[in-house]
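Enquirer: Sharing start_37.cif below, mmCIF, C-alpha atoms:
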```cif
data_final
loop_
_atom_site.label_atom_id
_atom_site.label_comp_id
_atom_site.auth_asym_id
_atom_site.auth_seq_id
_atom_site.Cartn_x
_atom_site.Cartn_y
_atom_site.Cartn_z
CA MET A 1 -10.30 -6.13 11.10
CA GLY A 2 -13.12 -3.74 10.53
CA GLY A 3 -15.93 -3.49 8.06
CA GLN A 4 -17.69 -0.81 6.12
CA LEU A 5 -20.31 1.45 7.59
CA SER A 6 -22.87 0.23 10.05
CA ALA A 7 -25.94 1.96 11.36
CA PRO A 8 -26.34 1.52 15.07
CA GLY A 9 -29.84 1.42 16.47
CA GLY A 10 -33.04 1.83 14.53
CA GLY A 11 -33.96 3.60 11.33
CA GLY A 12 -32.82 7.16 10.83
CA SER A 13 -29.51 6.72 12.63
CA LEU A 14 -26.46 8.12 10.92
CA PRO A 15 -23.87 5.62 9.66
CA ARG A 16 -21.03 4.93 12.05
CA PRO A 17 -17.55 4.45 10.57
CA VAL A 18 -16.02 1.21 11.82
CA ASN A 19 -12.61 1.67 10.17
CA ALA A 20 -11.81 5.04 11.76
CA ASP A 21 -9.18 3.44 14.03
CA TRP A 22 -8.20 0.38 12.05
CA MET A 23 -4.43 0.87 12.44
CA SER A 24 -4.58 0.84 16.23
CA ALA A 25 -6.91 -2.18 16.00
CA LEU A 26 -4.40 -4.26 14.01
CA CYS A 27 -2.97 -7.38 15.61
CA PRO A 28 0.02 -6.26 17.75
CA ARG A 29 2.27 -8.50 15.65
CA LEU A 30 1.71 -6.04 12.79
CA TRP A 31 2.78 -2.99 14.79
CA ASP A 32 6.43 -3.82 13.99
CA VAL A 33 5.90 -4.20 10.22
CA PRO A 34 7.19 -1.19 8.19
CA LEU A 35 4.44 0.80 6.51
CA HIS A 36 5.64 -0.15 3.04
CA HIS A 37 4.96 -3.81 3.85
CA LEU A 38 1.42 -3.20 5.11
CA SER A 39 -1.74 -3.01 3.02
CA ILE A 40 -3.09 0.54 3.12
CA PRO A 41 -6.26 1.88 1.44
CA GLY A 42 -6.04 5.15 -0.44
CA SER A 43 -8.18 7.53 -2.48
CA HIS A 44 -7.27 8.65 -5.98
CA ASP A 45 -7.67 12.40 -6.61
CA THR A 46 -8.87 12.78 -3.04
CA MET A 47 -10.23 16.32 -3.27
CA THR A 48 -12.52 16.12 -6.31
CA TYR A 49 -15.63 15.93 -4.13
CA CYS A 50 -15.48 19.73 -3.86
CA LEU A 51 -15.67 20.54 -7.56
CA ASN A 52 -18.74 22.31 -8.86
CA LYS A 53 -20.16 23.83 -12.04
CA ARG A 54 -18.67 27.22 -11.18
CA SER A 55 -15.15 25.82 -10.83
CA PRO A 56 -12.90 27.27 -13.56
CA ILE A 57 -11.19 24.89 -15.97
CA SER A 58 -7.52 24.30 -15.21
CA HIS A 59 -5.00 26.38 -17.13
CA SER A 60 -3.07 23.18 -17.80
CA GLN A 61 -5.87 21.94 -20.07
CA SER A 62 -5.90 22.60 -23.82
CA TRP A 63 -6.53 26.13 -25.05
CA LEU A 64 -9.61 24.88 -26.90
CA LEU A 65 -11.19 23.46 -23.76
CA GLN A 66 -10.42 26.66 -21.85
CA LEU A 67 -11.94 28.74 -24.66
CA LEU A 68 -15.09 26.62 -24.73
CA GLY A 69 -15.29 26.96 -20.96
CA LYS A 70 -15.40 30.74 -21.36
CA LEU A 71 -17.68 30.90 -24.42
CA LEU A 72 -20.08 28.08 -23.49
CA PRO A 73 -19.70 27.63 -19.72
CA CYS A 74 -23.23 26.24 -19.26
CA VAL A 75 -22.37 23.36 -21.61
CA THR A 76 -18.63 22.86 -21.17
CA ARG A 77 -18.24 23.06 -17.41
CA PRO A 78 -20.92 20.46 -16.52
CA MET A 79 -19.45 18.10 -19.15
CA VAL A 80 -15.92 18.48 -17.78
CA LEU A 81 -17.17 18.25 -14.20
CA LYS A 82 -18.82 14.86 -14.55
CA TRP A 83 -15.58 13.34 -15.85
CA SER A 84 -13.49 15.07 -13.15
CA VAL A 85 -15.21 13.97 -9.93
CA THR A 86 -13.61 10.79 -8.53
CA GLN A 87 -14.82 10.93 -4.90
CA ALA A 88 -18.16 11.48 -3.18
CA LEU A 89 -16.95 11.56 0.45
CA ASP A 90 -15.23 14.60 1.88
CA VAL A 91 -11.75 14.29 3.37
CA THR A 92 -12.94 13.72 6.94
CA GLU A 93 -15.43 11.09 5.78
CA GLN A 94 -12.68 9.37 3.79
CA LEU A 95 -10.47 9.23 6.88
CA ASP A 96 -13.41 7.97 8.94
CA VAL A 97 -14.03 5.04 6.59
CA GLY A 98 -10.35 4.05 6.67
CA VAL A 99 -8.49 5.85 3.89
CA ARG A 100 -4.87 6.46 4.92
CA TYR A 101 -3.32 7.62 1.62
CA LEU A 102 -4.55 10.96 0.28
CA ASP A 103 -3.73 12.01 -3.28
CA LEU A 104 -3.48 15.82 -3.19
CA ARG A 105 -3.00 17.61 -6.55
CA VAL A 106 -2.01 21.15 -5.58
CA ALA A 107 -2.45 24.20 -7.83
CA HIS A 108 -2.35 27.97 -7.76
CA VAL A 109 -5.31 29.58 -9.53
CA PRO A 110 -3.95 32.49 -11.60
CA GLU A 111 -7.09 34.58 -11.03
CA GLY A 112 -6.95 33.94 -7.28
CA SER A 113 -5.06 35.70 -4.53
CA ARG A 114 -1.27 35.57 -4.48
CA ARG A 115 -0.99 32.78 -1.92
CA ASN A 116 -4.30 30.93 -1.97
CA LEU A 117 -3.60 27.36 -3.06
CA HIS A 118 -6.33 25.01 -4.26
CA PHE A 119 -6.49 21.45 -5.59
CA VAL A 120 -7.07 20.52 -9.22
CA HIS A 121 -8.33 17.74 -11.48
CA PHE A 122 -9.25 19.28 -14.85
CA VAL A 123 -10.96 22.05 -12.87
CA TYR A 124 -9.96 23.81 -9.67
CA THR A 125 -11.55 22.84 -6.36
CA THR A 126 -13.37 25.23 -4.08
CA ALA A 127 -11.35 23.95 -1.09
CA LEU A 128 -8.16 25.70 -0.03
CA VAL A 129 -5.07 23.59 0.68
CA GLU A 130 -4.41 25.23 4.05
CA ASP A 131 -7.99 24.59 5.23
CA THR A 132 -7.85 20.97 4.10
CA LEU A 133 -4.52 20.28 5.81
CA THR A 134 -5.96 21.80 8.99
CA GLU A 135 -9.01 19.53 8.71
CA ILE A 136 -6.71 16.49 8.40
CA SER A 137 -4.64 17.64 11.39
CA GLU A 138 -7.75 18.05 13.53
CA TRP A 139 -8.91 14.55 12.58
CA LEU A 140 -5.52 13.11 13.54
CA GLU A 141 -5.70 14.80 16.92
CA ARG A 142 -8.93 12.89 17.54
CA HIS A 143 -7.29 9.62 16.37
CA PRO A 144 -3.77 9.75 17.87
CA ARG A 145 -2.76 6.22 16.78
CA GLU A 146 -3.74 6.57 13.12
CA VAL A 147 -1.15 7.46 10.47
CA VAL A 148 -1.70 9.10 7.09
CA ILE A 149 0.41 9.31 3.96
CA LEU A 150 -0.14 12.63 2.18
CA ALA A 151 1.01 12.76 -1.43
CA CYS A 152 1.40 16.37 -2.62
CA ARG A 153 1.63 16.29 -6.41
CA GLY A 154 1.11 18.26 -9.59
CA PHE A 155 1.94 21.77 -8.32
CA GLU A 156 0.33 23.53 -11.25
CA GLY A 157 1.34 27.20 -11.25
CA LEU A 158 3.53 27.00 -8.13
CA THR A 159 6.60 29.21 -8.06
CA GLU A 160 9.54 28.53 -5.75
CA GLU A 161 8.07 31.09 -3.35
CA LEU A 162 4.75 29.22 -3.31
CA HIS A 163 6.50 25.90 -2.70
CA GLU A 164 8.19 27.43 0.34
CA TYR A 165 4.87 28.89 1.49
CA LEU A 166 3.23 25.44 1.19
CA VAL A 167 6.02 23.76 3.18
CA ALA A 168 5.70 26.45 5.86
CA CYS A 169 1.95 25.71 6.05
CA VAL A 170 2.70 22.00 6.39
CA ARG A 171 5.15 22.69 9.23
CA ASN A 172 2.80 25.05 11.04
CA ILE A 173 -0.23 22.78 10.76
CA PHE A 174 1.31 19.37 11.52
CA GLY A 175 4.35 20.30 13.60
CA HIS A 176 5.55 17.31 15.66
CA MET A 177 3.16 15.01 13.77
CA LEU A 178 5.49 15.04 10.76
CA CYS A 179 7.80 12.06 10.34
CA PRO A 180 11.06 13.16 8.64
CA ARG A 181 12.32 11.03 5.78
CA GLY A 182 14.57 8.08 6.46
CA GLU A 183 13.87 4.38 6.79
CA VAL A 184 10.18 3.62 6.41
CA PRO A 185 8.93 3.40 10.01
CA THR A 186 6.62 0.94 11.74
CA LEU A 187 3.44 1.88 13.55
CA ARG A 188 5.08 1.19 16.91
CA GLN A 189 7.96 3.56 16.06
CA LEU A 190 5.59 6.30 14.94
CA TRP A 191 3.42 5.97 18.04
CA ALA A 192 6.49 6.19 20.28
CA ARG A 193 7.51 9.46 18.60
CA GLY A 194 4.00 10.92 18.43
CA GLN A 195 4.27 11.10 14.62
CA GLN A 196 1.27 10.57 12.35
CA VAL A 197 2.09 12.10 8.96
CA LEU A 198 4.40 11.01 6.14
CA LEU A 199 4.23 13.71 3.49
CA SER A 200 5.58 12.91 0.04
CA TYR A 201 6.42 15.85 -2.19
CA GLU A 202 6.94 15.53 -5.94
CA ASP A 203 9.21 18.53 -6.42
CA GLU A 204 12.89 17.61 -6.25
CA ARG A 205 14.25 21.09 -5.50
CA THR A 206 11.88 21.65 -2.60
CA LEU A 207 12.44 18.11 -1.36
CA SER A 208 16.20 18.66 -1.22
CA ARG A 209 15.73 21.65 1.12
CA HIS A 210 13.36 20.05 3.63
CA ARG A 211 14.10 16.86 5.50
CA GLU A 212 10.53 16.55 6.76
CA LEU A 213 9.40 15.77 3.20
CA TRP A 214 9.49 12.31 1.60
CA PRO A 215 10.13 11.65 -2.10
CA GLY A 216 7.15 11.22 -4.40
CA LEU A 217 5.63 7.76 -4.23
CA PRO A 218 5.59 5.62 -7.38
CA TYR A 219 1.98 5.37 -8.60
CA TRP A 220 1.00 2.50 -10.89
CA TRP A 221 -1.50 4.22 -13.19
CA ALA A 222 -2.90 2.06 -15.99
CA ASP A 223 -4.58 4.92 -17.93
CA GLN A 224 -7.23 2.44 -19.10
CA ALA A 225 -11.01 2.66 -19.52
CA LYS A 226 -11.52 -1.13 -19.42
CA PRO A 227 -11.16 -2.92 -16.07
CA THR A 228 -9.64 -5.99 -17.71
CA GLU A 229 -6.88 -3.84 -19.21
CA LEU A 230 -6.33 -2.11 -15.88
CA VAL A 231 -5.84 -5.45 -14.11
CA ARG A 232 -3.57 -6.67 -16.91
CA TYR A 233 -1.40 -3.58 -16.42
CA LEU A 234 -1.21 -4.05 -12.64
CA GLU A 235 -0.26 -7.71 -13.03
CA HIS A 236 2.47 -6.67 -15.47
CA MET A 237 3.82 -4.14 -12.98
CA LYS A 238 3.82 -6.79 -10.26
CA SER A 239 5.80 -9.11 -12.53
CA CYS A 240 8.48 -6.38 -12.78
CA GLY A 241 8.92 -6.32 -9.01
CA ARG A 242 7.67 -3.90 -6.39
CA PRO A 243 9.53 -0.65 -5.57
CA GLY A 244 11.71 -0.66 -2.47
CA GLY A 245 9.66 1.77 -0.40
CA LEU A 246 6.10 3.02 -0.21
CA PHE A 247 4.20 2.80 -3.48
CA VAL A 248 0.65 2.91 -4.84
CA ALA A 249 -1.30 0.56 -7.10
CA GLY A 250 -4.19 2.51 -8.58
CA ILE A 251 -7.39 0.62 -9.39
CA ASN A 252 -8.91 3.78 -10.90
CA LEU A 253 -10.33 3.65 -14.42
CA THR A 254 -9.48 6.50 -16.79
CA GLU A 255 -11.72 7.75 -19.58
CA ASN A 256 -10.35 8.64 -23.02
CA LEU A 257 -11.85 10.76 -25.79
CA GLU A 258 -13.24 7.72 -27.60
CA TYR A 259 -15.02 6.53 -24.44
CA VAL A 260 -16.49 9.99 -23.75
CA LEU A 261 -17.77 10.34 -27.32
CA VAL A 262 -19.40 6.90 -27.21
CA HIS A 263 -20.97 7.67 -23.79
CA PRO A 264 -22.23 11.28 -24.10
CA ALA A 265 -24.55 10.86 -21.09
CA GLY A 266 -21.88 9.11 -19.05
CA SER A 267 -19.67 10.20 -16.19
CA LEU A 268 -16.67 8.84 -14.34
CA ARG A 269 -19.02 7.62 -11.62
CA LYS A 270 -21.24 5.76 -14.11
CA MET A 271 -18.10 4.34 -15.71
CA THR A 272 -16.61 3.16 -12.41
CA LEU A 273 -19.40 1.84 -10.19
CA PRO A 274 -20.49 -1.12 -12.38
CA HIS A 275 -16.91 -2.45 -12.33
CA LEU A 276 -16.16 -2.11 -8.62
CA ALA A 277 -17.01 -5.76 -7.92
CA TYR A 278 -14.50 -6.89 -10.56
CA LEU A 279 -11.79 -4.56 -9.25
CA THR A 280 -12.31 -5.45 -5.60
CA ALA A 281 -12.11 -9.14 -6.54
CA TRP A 282 -8.59 -8.38 -7.78
CA VAL A 283 -7.87 -6.51 -4.55
CA ARG A 284 -8.81 -9.53 -2.42
CA GLU A 285 -6.22 -11.64 -4.23
CA GLN A 286 -3.32 -9.35 -3.32
CA SER A 287 -0.82 -9.78 -0.51
CA PRO A 288 1.20 -7.17 1.40
CA GLY A 289 4.77 -7.78 2.49
CA PRO A 290 8.32 -7.54 1.12
CA GLY A 291 7.90 -10.01 -1.75
CA ALA A 292 8.47 -8.92 -5.34
CA ARG A 293 4.77 -9.31 -6.25
CA CYS A 294 3.41 -7.78 -3.03
CA THR A 295 1.27 -4.64 -2.98
CA ASN A 296 1.31 -1.74 -0.52
CA VAL A 297 -1.06 1.23 -0.88
CA ILE A 298 -4.06 0.47 -3.11
CA ALA A 299 -5.97 3.58 -4.20
CA GLY A 300 -9.38 3.76 -5.82
CA ASP A 301 -12.17 6.06 -6.90
CA PHE A 302 -15.48 6.52 -5.05
CA VAL A 303 -14.10 4.93 -1.89
CA GLY A 304 -16.82 3.92 0.53
CA ALA A 305 -19.17 2.83 -2.28
CA ASP A 306 -18.42 -0.85 -1.68
CA SER A 307 -16.20 -3.11 0.45
CA PHE A 308 -12.95 -1.85 -1.12
CA ILE A 309 -11.50 -0.21 2.01
CA SER A 310 -12.27 -3.14 4.31
CA ASP A 311 -10.91 -5.56 1.70
CA VAL A 312 -7.59 -3.68 1.56
CA ILE A 313 -7.32 -3.54 5.35
CA ARG A 314 -8.16 -7.24 5.67
CA LEU A 315 -5.19 -8.15 3.42
CA ASN A 316 -2.95 -7.47 6.42
CA GLU A 317 -4.20 -10.71 7.97
CA LYS A 318 -2.11 -12.53 5.34
CA LEU A 319 1.01 -11.29 7.15
CA LEU A 320 0.06 -13.20 10.31
CA PRO A 321 1.29 -16.75 10.88
CA CYS A 322 -1.36 -19.41 10.38
#
```
Just give me the structure as structure tokens.
Expert:
Amino acid sequence: MGGQLSAPGGGGSLPRPVNADWMSALCPRLWDVPLHHLSIPGSHDTMTYCLNKRSPISHSQSWLLQLLGKLLPCVTRPMVLKWSVTQALDVTEQLDVGVRYLDLRVAHVPEGSRRNLHFVHFVYTTALVEDTLTEISEWLERHPREVVILACRGFEGLTEELHEYLVACVRNIFGHMLCPRGEVPTLRQLWARGQQVLLSYEDERTLSRHRELWPGLPYWWADQAKPTELVRYLEHMKSCGRPGGLFVAGINLTENLEYVLVHPAGSLRKMTLPHLAYLTAWVREQSPGPGARCTNVIAGDFVGADSFISDVIRLNEKLLPC
């Protein structure tokens, strides 16, 4: 059911994504399984690949960090940046390698124009939300049997007017691709309707006004710097029983102040990559389906750096009869 990247031909050839159409390549017996019972790979803080040293520090951060960012930008911004970047692939590359859950933290930059919306993770991204949604829509047009789950979250600095503007952008860009909320659909149902996008929206007031939006997805976030503690947390959450609909298990490590102080030359990438083998070993042990201990979306950092995406996709084979 797909692999990672392969390079066709001789040396110098560009990698070819082999998971770009993994949903349509699933065994037909899985086309009638609701999405919340499938195993779906996702990216945590999807848009952090487009942060740079000129990106301003988020206004949601502490006043001290914002002050240091203004007084000592050459020191503060690079330090914040290296602990903010969670992805190396851009959004099209993530979709190409098989990611089908995108974690979109939306923000309005106070110094920006009235309606320009960006993404945020400690600092604001250079990418605009409208441009990114258009890029996703164009990718979906090229892959008409692939389905994405877009999780719009955070909404730093968004007024009610900006929420309505964002929903209007979503409608204009995706149109008939949007699947309105209701029972979680199967791939076969979505294909029959020409729908490819489930968009979850973590603002209750906006959600109540727009039927094309889905409620925010539960996200199991361990908030741990040690992989053993992260896995312990996820196993605890599994023991409590899975949510009824779509949900996300995050295998992303999270730095804390103690870890940063002990690793002054470190970064989130340096913190994460050595532990990917341990985390993907946990992934391979999971099972999708309706059971209380089953997983659904599994989201990670630096997707594409190892076999994580293919491992998550391959879990769907466990739903097939022996």
Enquirer: Please indicate the distance in Å from atom CA of Arg293 of chain A to atom CA of Phe308 of chain A, rounded to one decimal place.
Expert: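 Here the two named atoms are 19.9 Å from each other.
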Enquirer: Can you spell out as a PyMOL selection string the set of residues that the PyMOL selection byres ((chain A and resi 130-142) around 7) selects in the structure I just provided?
Expert: chain A and resi 92+127-129+143-144+146+169+173-174
Enquirer: Which polymer residues, protein or nucleic acid, are no farther than 10 Å from (-13.6, 13.2, 0.9), counting only C-alpha atoms, as a list in words?
Expert: Ser43, Asp45, Thr46, Met47, Thr48, Tyr49, Cys50, Thr86, Gln87, Ala88, Leu89, Asp90, Val91, Thr92, Glu93, Gln94, Leu95, Asp96, Val97, Val99, Leu102, Phe302, Val303 and Gly304 of chain A
Enquirer: When you look at segment 211-219 of chain A with a cut-off of 8 Å (counting all atoms listed in the file), what residues show up, excluding the ones that are within fewer than 3 positions of it in the same chain? I need them as a short mmCIF file (atom, residue, chain, number, x, y, z; two decimals) with C-alpha atoms, in the frame of the given file.
Expert:
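Generated output (result38.cif):
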```
data_model
loop_
_atom_site.label_atom_id
_atom_site.label_comp_id
_atom_site.auth_asym_id
_atom_site.auth_seq_id
_atom_site.Cartn_x
_atom_site.Cartn_y
_atom_site.Cartn_z
CA ALA A 151 1.01 12.76 -1.43
CA CYS A 152 1.40 16.37 -2.62
CA ARG A 153 1.63 16.29 -6.41
CA LEU A 178 5.49 15.04 10.76
CA CYS A 179 7.80 12.06 10.34
CA PRO A 180 11.06 13.16 8.64
CA ARG A 181 12.32 11.03 5.78
CA LEU A 198 4.40 11.01 6.14
CA LEU A 199 4.23 13.71 3.49
CA SER A 200 5.58 12.91 0.04
CA TYR A 201 6.42 15.85 -2.19
CA GLU A 202 6.94 15.53 -5.94
CA ASP A 203 9.21 18.53 -6.42
CA GLU A 204 12.89 17.61 -6.25
CA LEU A 207 12.44 18.11 -1.36
CA SER A 208 16.20 18.66 -1.22
CA PRO A 243 9.53 -0.65 -5.57
CA LEU A 246 6.10 3.02 -0.21
CA PHE A 247 4.20 2.80 -3.48
CA VAL A 248 0.65 2.91 -4.84
CA ALA A 249 -1.30 0.56 -7.10
CA GLY A 250 -4.19 2.51 -8.58
#
```
Enquirer: Between A:Ala222, A:Val109, A:Val148, A:Leu190, which residue has the minimum interatomic distance to Asp21 of chain A, considering all atoms listed in the file?
Expert: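 Ranking A:Ala222, A:Val109, A:Val148, A:Leu190 by distance to Asp21 of chain A, first place goes to A:Val148.
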Enquirer: My list of candidates is A:Val123, A:Val80, A:Leu230, A:Leu26. Which is closest to Val260 of chain A when distances are computed with all atoms listed in the file?
Expert: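 Distance minimum relative to Val260 of chain A lands on A:Val80.
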Enquirer: Residues near segment 268-279 of chain A, anyone? I mean within 12 Å using all atoms listed in the file, not counting same-chain ones fewer than 4 positions away, as a VMD selection string.
Expert: chain A and resid 48 to 49 79 to 88 224 to 232 234 249 to 256 259 to 260 262 to 264 283 to 286 298 to 309 311 to 312
Enquirer: Between atom CA of Ser239 of chain A and atom CA of Pro290 of chain A, what distance in Å does the model show, to one decimal?
Expert: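 Taking atom CA of Ser239 of chain A and atom CA of Pro290 of chain A, their separation equals 14.0 Å.
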Enquirer: Counting all atoms listed in the file, which residue out of A:His36, A:Arg29, A:Arg205, A:Arg171 sits closest to Glu183 of chain A?
Expert: A:His36
Enquirer: Which residues are close to Pro34 of chain A, i.e. within 6 Å by only C-alpha atoms, leaving aside same-chain residues fewer than 2 positions away? Reply as a PDB file with C-alpha atoms, keeping the file's coordinate frame.
Expert:
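Written output follows (selection.pdb):
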```
ATOM      1  CA  HIS A  36       5.640  -0.150   3.040  1.00  0.00           C
ATOM      2  CA  HIS A  37       4.960  -3.810   3.850  1.00  0.00           C
ATOM      3  CA  VAL A 184      10.180   3.620   6.410  1.00  0.00           C
ATOM      4  CA  PRO A 185       8.930   3.400  10.010  1.00  0.00           C
ATOM      5  CA  THR A 186       6.620   0.940  11.740  1.00  0.00           C
TER       6      THR A 186
END
```
Enquirer: What residues come out when you apply the PyMOL selection byres ((chain A and resi 319) around 12) to this file, written as a list of chain:residue names?
Expert: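 Given this file, the PyMOL selection byres ((chain A and resi 319) around 12) evaluates to A:Leu26, A:Cys27, A:Pro28, A:Arg29, A:Leu30, A:Trp31, A:Asp32, A:Val33, A:Pro34, A:His37, A:Leu38, A:Ser39, A:Gln286, A:Ser287, A:Pro288, A:Gly289, A:Pro290, A:Gly291, A:Cys294, A:Ile313, A:Arg314, A:Leu315, A:Asn316, A:Glu317, A:Lys318, A:Leu320, A:Pro321, A:Cys322.
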